[in-house]
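Have a look at the structure below before the remarks.
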Amino acid sequence: MNMEATEQEKSQVEEIISRVAETQGVDSEAARKLLHRYGCGGGCDWYKTKSKATGFEKGGLAEEENAAVEAAISEVLPQANDEQVWYVVHGVLCPGHPRKQPS
Ligand SMILES: [Zn+2]
């Protein structure tokens, strides 16, 4: 089941990205890639088709990059558990990733 991300979900993810960009001192494109690398399970169409061409590699984040992503997530989605967080993030960043509504 692939449900379109809602406007609210998109703005939450943009907020996470802009916080990561700020704490890491990178542009939003780089921050978006960090968040995607952090959370992508490799299940999305983009990962399957384009990850090699762009040098995208799952995992392999530096410790401080991990920490920055985690901090940004917990600031923007303080009440969400992992399942809910990745439901939202995958819906926006991972086209084609199967989205199952968290219970
Ligand atoms: Zn992905």
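Starting from 1 in every chain, residues are counted up; chains themselves are A, B, ... following the order of the structure tokens, and ligands are numbered from 1 as listed.
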Quick one: pick out all helix (DSSP H, G or I) residues within stretch 37-72 of chain A from a backbone DSSP run and write them as a ChimeraX atom specification. /A:37-39,45-50,63-72
Keeping N, CA and C atoms, export the residues of the selection given above as an mmCIF file, in the first residue's frame.
```
data_model
loop_
_atom_site.group_PDB
_atom_site.id
_atom_site.type_symbol
_atom_site.label_atom_id
_atom_site.label_comp_id
_atom_site.auth_asym_id
_atom_site.auth_seq_id
_atom_site.Cartn_x
_atom_site.Cartn_y
_atom_site.Cartn_z
ATOM 1 N N ARG A 37 19.792 8.541 3.737
ATOM 2 C CA ARG A 37 20.762 7.477 4.012
ATOM 3 C C ARG A 37 20.575 6.884 5.396
ATOM 4 N N TYR A 38 20.230 7.747 6.331
ATOM 5 C CA TYR A 38 20.046 7.295 7.709
ATOM 6 C C TYR A 38 18.884 6.312 7.797
ATOM 7 N N GLY A 39 17.807 6.640 7.096
ATOM 8 C CA GLY A 39 16.598 5.870 7.312
ATOM 9 C C GLY A 39 16.173 4.939 6.209
ATOM 10 N N ASP A 45 11.964 2.805 -4.744
ATOM 11 C CA ASP A 45 12.320 2.755 -6.159
ATOM 12 C C ASP A 45 13.591 3.538 -6.429
ATOM 13 N N TRP A 46 13.672 4.681 -5.797
ATOM 14 C CA TRP A 46 14.837 5.528 -6.011
ATOM 15 C C TRP A 46 16.118 4.785 -5.632
ATOM 16 N N TYR A 47 16.091 4.138 -4.482
ATOM 17 C CA TYR A 47 17.279 3.419 -4.028
ATOM 18 C C TYR A 47 17.667 2.332 -5.027
ATOM 19 N N LYS A 48 16.649 1.616 -5.510
ATOM 20 C CA LYS A 48 16.929 0.509 -6.422
ATOM 21 C C LYS A 48 17.454 0.983 -7.768
ATOM 22 N N THR A 49 17.002 2.150 -8.219
ATOM 23 C CA THR A 49 17.344 2.555 -9.575
ATOM 24 C C THR A 49 18.446 3.608 -9.651
ATOM 25 N N LYS A 50 18.518 4.486 -8.640
ATOM 26 C CA LYS A 50 19.404 5.632 -8.789
ATOM 27 C C LYS A 50 20.529 5.717 -7.764
ATOM 28 N N GLU A 63 29.401 9.327 13.132
ATOM 29 C CA GLU A 63 28.671 9.337 14.396
ATOM 30 C C GLU A 63 27.950 10.655 14.654
ATOM 31 N N GLU A 64 28.620 11.751 14.342
ATOM 32 C CA GLU A 64 27.961 13.047 14.586
ATOM 33 C C GLU A 64 26.830 13.319 13.599
ATOM 34 N N GLU A 65 26.926 12.745 12.413
ATOM 35 C CA GLU A 65 25.819 12.874 11.465
ATOM 36 C C GLU A 65 24.603 12.100 11.967
ATOM 37 N N ASN A 66 24.852 10.892 12.439
ATOM 38 C CA ASN A 66 23.794 10.107 13.076
ATOM 39 C C ASN A 66 23.132 10.882 14.204
ATOM 40 N N ALA A 67 23.970 11.440 15.067
ATOM 41 C CA ALA A 67 23.451 12.158 16.230
ATOM 42 C C ALA A 67 22.629 13.364 15.800
ATOM 43 N N ALA A 68 23.084 14.068 14.758
ATOM 44 C CA ALA A 68 22.359 15.244 14.273
ATOM 45 C C ALA A 68 20.994 14.853 13.717
ATOM 46 N N VAL A 69 20.949 13.748 12.992
ATOM 47 C CA VAL A 69 19.680 13.286 12.428
ATOM 48 C C VAL A 69 18.734 12.877 13.561
ATOM 49 N N GLU A 70 19.249 12.133 14.516
ATOM 50 C CA GLU A 70 18.410 11.697 15.632
ATOM 51 C C GLU A 70 17.882 12.874 16.437
ATOM 52 N N ALA A 71 18.742 13.854 16.664
ATOM 53 C CA ALA A 71 18.314 15.023 17.433
ATOM 54 C C ALA A 71 17.213 15.780 16.689
ATOM 55 N N ALA A 72 17.388 15.956 15.384
ATOM 56 C CA ALA A 72 16.398 16.687 14.597
ATOM 57 C C ALA A 72 15.057 15.952 14.603
#
```
List all protein, DNA and RNA residues that have any atom at most 7 Å from ligand 1, counting only C-alpha atoms and all ligand atoms, and write the list as a ChimeraX atom specification. /A:36,40-44,46-47,90,93-94,97
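The closest residue to A:Glu83, picked from A:Gln24, A:Gln101, A:Gln8, A:Ser51 and counting only C-alpha atoms, is A:Gln101.
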Can you pull out the residues contacting stretch 10-17 of chain A? Cut-off 7 Å, using only C-alpha atoms, and skip same-chain residues under 6 positions away; I want them as a PDB file with N, CA and C atoms, in the first residue's frame.
```pdb
ATOM      1  N   SER A  28      20.510  22.097   2.044  1.00  0.00           N
ATOM      2  CA  SER A  28      19.382  21.218   2.318  1.00  0.00           C
ATOM      3  C   SER A  28      19.414  19.958   1.453  1.00  0.00           C
ATOM      4  N   ALA A  31      21.568  17.624   3.368  1.00  0.00           N
ATOM      5  CA  ALA A  31      20.875  17.183   4.578  1.00  0.00           C
ATOM      6  C   ALA A  31      19.782  16.166   4.250  1.00  0.00           C
ATOM      7  N   ARG A  32      19.111  16.408   3.130  1.00  0.00           N
ATOM      8  CA  ARG A  32      18.075  15.475   2.678  1.00  0.00           C
ATOM      9  C   ARG A  32      18.686  14.091   2.401  1.00  0.00           C
ATOM     10  N   ALA A  72      17.388  15.956  15.384  1.00  0.00           N
ATOM     11  CA  ALA A  72      16.398  16.687  14.597  1.00  0.00           C
ATOM     12  C   ALA A  72      15.057  15.952  14.603  1.00  0.00           C
ATOM     13  N   ILE A  73      15.106  14.647  14.479  1.00  0.00           N
ATOM     14  CA  ILE A  73      13.866  13.863  14.496  1.00  0.00           C
ATOM     15  C   ILE A  73      13.163  14.007  15.837  1.00  0.00           C
ATOM     16  N   VAL A  76      11.442  17.415  16.094  1.00  0.00           N
ATOM     17  CA  VAL A  76      10.282  17.659  15.235  1.00  0.00           C
ATOM     18  C   VAL A  76       9.146  16.678  15.540  1.00  0.00           C
ATOM     19  N   VAL A  89       8.849   9.675   7.155  1.00  0.00           N
ATOM     20  CA  VAL A  89      10.045  10.007   6.382  1.00  0.00           C
ATOM     21  C   VAL A  89      10.085   9.241   5.049  1.00  0.00           C
ATOM     22  N   VAL A  92       7.855  10.608   2.322  1.00  0.00           N
ATOM     23  CA  VAL A  92       8.291  11.815   1.635  1.00  0.00           C
ATOM     24  C   VAL A  92       9.572  11.571   0.829  1.00  0.00           C
TER      25      VAL A  92
END
```
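Across the structure, atom CA of A:Pro102 and atom CA of A:Glu75 are spaced 20.1 Å apart.
Minimum atom-to-atom distances from A:Glu22, A:Glu4, A:Ala53, A:Glu9 to A:Leu77 were compared using only C-alpha atoms, and the lowest value belongs to A:Glu9.
Across the model, the gap from atom CA of A:Asn81 to atom CA of A:Glu7 is 20.1 Å.
Coordinates place atom CA of A:Val26 at a distance of 28.9 Å from atom CA of A:Arg99.
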With only C-alpha atoms as the atoms that count, which of A:Trp86, A:Gly25, A:Lys33, A:Phe56 lies nearest to A:Pro98? A:Trp86
